[in-house]
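**Q** final.txt is reproduced below (compact mmCIF, C-alpha atoms).
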# COMPACT_ATOMS: atom_id res chain seq x y z
CA MET A 1 80.86 -236.30 -10.86
CA ILE A 2 83.96 -235.84 -13.02
CA GLU A 3 86.16 -238.91 -13.50
CA LEU A 4 89.87 -238.30 -13.98
CA PRO A 5 91.28 -239.79 -17.20
CA GLU A 6 93.97 -242.42 -16.65
CA GLY A 7 97.52 -241.05 -16.97
CA LEU A 8 96.45 -237.42 -16.68
CA ALA A 9 99.20 -235.15 -15.34
CA PRO A 10 98.12 -233.84 -11.91
CA GLU A 11 98.59 -230.29 -13.18
CA LEU A 12 95.67 -230.85 -15.57
CA VAL A 13 93.14 -231.87 -12.92
CA PRO A 14 91.46 -228.40 -13.02
CA LEU A 15 90.95 -228.88 -16.79
CA SER A 16 90.10 -232.60 -16.67
CA TRP A 17 86.40 -232.06 -17.39
CA LEU A 18 87.33 -230.96 -20.92
CA VAL A 19 89.04 -234.23 -21.88
CA GLY A 20 87.19 -236.15 -24.59
CA VAL A 21 85.54 -235.64 -27.94
CA TRP A 22 82.59 -233.27 -28.16
CA GLU A 23 80.13 -232.73 -31.02
CA GLY A 24 77.24 -230.37 -31.57
CA THR A 25 76.06 -227.27 -33.35
CA GLY A 26 76.38 -223.53 -33.12
CA VAL A 27 75.68 -220.26 -34.82
CA VAL A 28 77.83 -217.45 -36.26
CA GLU A 29 76.43 -213.91 -36.28
CA TYR A 30 78.93 -211.14 -36.99
CA PRO A 31 78.79 -207.73 -38.75
CA VAL A 32 81.08 -207.31 -41.79
CA GLY A 33 81.91 -203.91 -43.30
CA ASP A 34 78.96 -201.72 -44.21
CA GLU A 35 76.54 -204.60 -44.76
CA ASP A 36 73.07 -203.84 -43.38
CA GLU A 37 72.69 -207.21 -41.67
CA PRO A 38 75.32 -209.29 -39.87
CA ARG A 39 76.37 -212.53 -41.53
CA LYS A 40 74.54 -215.39 -39.85
CA TYR A 41 74.68 -219.16 -40.33
CA GLU A 42 74.55 -222.41 -38.39
CA PHE A 43 77.37 -224.90 -38.25
CA GLY A 44 78.31 -228.33 -36.93
CA GLN A 45 81.40 -228.80 -34.77
CA ARG A 46 83.69 -231.52 -33.46
CA VAL A 47 86.12 -230.63 -30.65
CA SER A 48 88.78 -232.87 -29.12
CA PHE A 49 90.75 -232.37 -25.90
CA SER A 50 93.36 -235.08 -25.33
CA HIS A 51 96.54 -235.58 -23.32
CA ASP A 52 99.74 -237.58 -23.54
CA GLY A 53 100.89 -237.55 -19.93
CA LEU A 54 102.57 -234.13 -20.14
CA PRO A 55 101.11 -231.05 -18.37
CA TYR A 56 99.05 -229.71 -21.27
CA LEU A 57 95.95 -230.63 -23.25
CA ASN A 58 96.01 -231.10 -27.01
CA TYR A 59 93.09 -229.21 -28.60
CA SER A 60 91.50 -229.37 -32.04
CA SER A 61 88.26 -228.09 -33.52
CA THR A 62 86.69 -228.54 -36.94
CA THR A 63 83.47 -226.93 -38.12
CA TRP A 64 81.23 -227.25 -41.17
CA LEU A 65 78.14 -225.52 -42.51
CA LEU A 66 74.83 -227.28 -41.95
CA ASP A 67 74.12 -227.45 -45.67
CA ASP A 68 73.59 -230.50 -47.90
CA ASP A 69 77.33 -230.80 -48.58
CA HIS A 70 78.53 -230.15 -45.00
CA THR A 71 80.86 -227.55 -46.48
CA PRO A 72 84.02 -227.20 -44.34
CA LEU A 73 83.99 -223.90 -42.42
CA ALA A 74 87.03 -223.53 -40.16
CA ALA A 75 89.62 -225.45 -38.16
CA GLU A 76 91.96 -224.65 -35.30
CA MET A 77 94.33 -226.50 -33.02
CA GLY A 78 96.51 -225.77 -30.04
CA TYR A 79 97.50 -226.47 -26.45
CA TRP A 80 95.89 -225.61 -23.11
CA ARG A 81 97.67 -225.63 -19.75
CA ILE A 82 97.72 -224.18 -16.26
CA ASP A 83 99.50 -220.80 -16.31
CA ARG A 84 102.26 -220.70 -13.69
CA PRO A 85 105.91 -219.65 -13.34
CA ASN A 86 108.52 -221.92 -14.90
CA GLU A 87 110.43 -224.24 -12.56
CA PRO A 88 113.88 -225.83 -13.12
CA GLY A 89 112.23 -229.24 -13.61
CA ASP A 90 110.04 -228.02 -16.47
CA ARG A 91 110.93 -229.13 -20.00
CA GLY A 92 112.12 -226.75 -22.70
CA PRO A 93 112.90 -224.68 -24.51
CA ALA A 94 112.62 -226.82 -27.65
CA MET A 95 113.43 -230.47 -26.76
CA LEU A 96 115.54 -229.85 -23.65
CA MET A 97 114.73 -231.89 -20.55
CA GLY A 98 114.24 -230.13 -17.24
CA ASP A 99 116.77 -230.05 -14.42
CA GLY A 100 115.55 -232.20 -11.57
CA PRO A 101 112.13 -233.67 -10.82
CA ALA A 102 109.01 -232.47 -12.64
CA PRO A 103 107.24 -229.84 -10.53
CA PHE A 104 103.63 -230.09 -9.34
CA SER A 105 103.57 -233.86 -9.75
CA THR A 106 100.89 -234.43 -7.10
CA VAL A 107 97.34 -233.16 -6.78
CA GLU A 108 98.28 -231.69 -3.39
CA SER A 109 101.09 -229.62 -4.91
CA VAL A 110 98.78 -228.41 -7.69
CA GLU A 111 96.41 -227.09 -5.02
CA THR A 112 99.09 -224.53 -4.11
CA LEU A 113 98.53 -222.94 -7.54
CA ARG A 114 95.00 -221.80 -6.72
CA ASN A 115 94.54 -218.07 -7.36
CA THR A 116 92.78 -215.48 -5.20
CA THR A 117 89.39 -216.32 -6.78
CA ASP A 118 89.73 -220.01 -5.72
CA GLY A 119 90.34 -221.05 -9.32
CA PHE A 120 93.43 -221.59 -11.45
CA ASP A 121 95.13 -219.38 -14.01
CA VAL A 122 95.13 -220.95 -17.46
CA GLU A 123 96.58 -220.25 -20.91
CA ALA A 124 95.69 -221.53 -24.36
CA ALA A 125 97.73 -221.23 -27.56
CA ILE A 126 95.46 -221.59 -30.60
CA ILE A 127 96.61 -221.70 -34.22
CA HIS A 128 94.41 -221.10 -37.27
CA PRO A 129 95.37 -222.24 -40.79
CA THR A 130 94.47 -218.75 -42.05
CA GLY A 131 97.68 -217.23 -40.64
CA VAL A 132 96.41 -216.21 -37.20
CA ASN A 133 97.96 -217.39 -33.92
CA GLU A 134 96.38 -216.50 -30.57
CA LEU A 135 97.67 -216.67 -27.01
CA TYR A 136 94.86 -216.57 -24.45
CA VAL A 137 95.16 -216.13 -20.69
CA GLY A 138 92.38 -216.48 -18.17
CA ARG A 139 91.07 -218.67 -15.40
CA VAL A 140 89.26 -221.92 -14.79
CA LYS A 141 86.94 -222.37 -11.85
CA LYS A 142 84.31 -225.03 -11.19
CA GLY A 143 83.48 -226.00 -14.77
CA ARG A 144 83.88 -222.53 -16.28
CA ILE A 145 86.76 -221.06 -18.28
CA ASP A 146 87.13 -217.37 -19.14
CA LEU A 147 89.84 -216.47 -21.67
CA ALA A 148 91.05 -213.25 -23.32
CA THR A 149 93.80 -212.80 -25.86
CA ASP A 150 97.11 -211.64 -24.46
CA ALA A 151 98.67 -211.61 -27.93
CA VAL A 152 97.57 -212.12 -31.54
CA MET A 153 100.10 -212.77 -34.29
CA ARG A 154 99.09 -212.56 -37.97
CA SER A 155 100.98 -213.50 -41.10
CA PRO A 156 101.43 -210.65 -43.62
CA ASN A 157 98.48 -211.81 -45.74
CA ALA A 158 96.06 -212.77 -42.94
CA LYS A 159 92.79 -210.85 -42.63
CA ASP A 160 92.38 -208.26 -39.87
CA TYR A 161 91.94 -209.92 -36.46
CA SER A 162 93.19 -208.18 -33.33
CA ALA A 163 91.60 -209.55 -30.14
CA ALA A 164 89.16 -212.11 -28.79
CA THR A 165 87.54 -213.54 -25.68
CA ARG A 166 86.22 -217.06 -25.17
CA LEU A 167 83.95 -218.55 -22.52
CA TYR A 168 83.50 -222.28 -21.91
CA GLY A 169 81.12 -223.82 -19.41
CA LEU A 170 80.04 -227.31 -18.42
CA VAL A 171 76.28 -227.32 -17.78
CA GLU A 172 74.45 -230.60 -17.08
CA GLY A 173 77.12 -232.57 -18.93
CA LYS A 174 77.14 -230.34 -22.03
CA LEU A 175 79.91 -227.99 -23.14
CA PHE A 176 78.65 -224.50 -23.94
CA TRP A 177 80.96 -221.88 -25.43
CA ALA A 178 80.89 -218.30 -26.74
CA TRP A 179 83.51 -216.42 -28.77
CA ASP A 180 83.76 -212.64 -29.21
CA ILE A 181 86.24 -211.20 -31.72
CA ALA A 182 87.62 -207.85 -32.89
CA ALA A 183 88.11 -208.30 -36.64
CA LEU A 184 87.54 -206.69 -40.03
CA GLY A 185 87.45 -203.22 -38.47
CA GLN A 186 84.93 -204.13 -35.74
CA GLN A 187 85.43 -203.64 -32.02
CA LEU A 188 85.16 -206.71 -29.76
CA THR A 189 81.74 -208.10 -30.70
CA SER A 190 79.84 -211.37 -30.29
CA HIS A 191 80.88 -213.74 -33.08
CA ALA A 192 79.88 -217.35 -32.46
CA SER A 193 78.54 -219.76 -29.86
CA GLY A 194 77.84 -223.45 -29.62
CA GLN A 195 76.55 -226.34 -27.56
CA LEU A 196 78.38 -229.68 -27.60
CA ALA A 197 77.75 -233.13 -26.12
CA LYS A 198 80.50 -235.60 -25.24
CA VAL A 199 80.63 -238.47 -27.75
CA ASP A 200 83.87 -240.18 -26.66
I need this file expressed as structure tokens, please.
**A**
Amino acid sequence: MIELPEGLAPELVPLSWLVGVWEGTGVVEYPVGDEDEPRKYEFGQRVSFSHDGLPYLNYSSTTWLLDDDHTPLAAEMGYWRIDRPNEPGDRGPAMLMGDGPAPFSTVESVETLRNTTDGFDVEAAIIHPTGVNELYVGRVKKGRIDLATDAVMRSPNAKDYSAATRLYGLVEGKLFWAWDIAALGQQLTSHASGQLAKVD
């Protein structure tokens, strides 16, 4: 049974099972250029999903190689939320307050956001320190999240990266994930996957 974190915005109830700190391991296996074999290595990972009472989750991930030095591998951070039309009571843009009461402030009102597949539409904005920003859209349903990039923005000197999909699933209390990417001239191809256990 999933327990709701104290102070969680009702709009985040469909994503509440993500909240916490997760740690585990995974593997990267991805073809690069004309190399005969894909690059393959194992890594450790720490993922955090937190909230501050507003209708989004704060997300961060750090990874490191499973070598003697635990060499840092990659990091990313961002925000996850239910994808729905803006209402007058929503905050923004920038630091502007909304006009009127905050929308979807009860679990009952959030239920009206269910989509035709009996889940909820979701979006995730993820930023990489390598000059890549991703906007994912997808759906969450019963402990599973399917995401696909709606937009990818790269800085002028970032490496080629054009699209991605991500899958997250809660299985027997563990968080499993898989990430496919289109990068370095490759079509959308399996890139990395991991298995994490909640540690906090």
**Q** Can you pull out every residue within 9 Å of Asn133 in chain A, counting all atoms listed in the file, but drop anything in the same chain fewer than 3 positions away, and send it as a ChimeraX atom specification?
**A** /A:125-130,151-155
**Q** Mind giving me the straight-line distance from CA of Glu134 in chain A to CA of Glu87 in chain A in Å, one decimal?
**A**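 Atom-to-atom, CA of Glu134 in chain A and CA of Glu87 in chain A are spaced 24.1 Å apart.
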**Q** Using all atoms listed in the file, can you tell me which of A:Gly89, A:Gly138, A:Ala74, A:Val199 comes closest to Phe49 in chain A?
**A**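 The closest residue to Phe49 in chain A is A:Val199.
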**Q** List the neighbours of range 60-71 of chain A out to 10 Å using all atoms listed in the file; skip same-chain residues closer than 5 positions along the sequence, and give me the result as a PyMOL selection string.
**A** chain A and resi 21-27+41-50+76-79+126-127
**Q** Between A:Ala75, A:Val132, A:Leu96, A:Leu57, which residue has the minimum interatomic distance to Asp160 in chain A, considering only C-alpha atoms?
**A**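 Nearest candidate to Asp160 in chain A out of A:Ala75, A:Val132, A:Leu96, A:Leu57: A:Val132.
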**Q** Go through A:Leu113, A:Ile145, A:Ile82, A:Val122 one by one, measure the shortest atom-to-atom distance of each to Leu170 in chain A using all atoms listed in the file, and give the residue with the smallest value.
**A**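 Among A:Leu113, A:Ile145, A:Ile82, A:Val122, it is A:Ile145 that comes nearest to Leu170 in chain A.
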**Q** Out of A:Asp150, A:Asp200, A:Glu108, A:Glu11, which residue has the shortest atom-to-atom distance to Arg81 in chain A when counting all atoms listed in the file?
**A**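 For Arg81 in chain A, the nearest of the given residues is A:Glu11.
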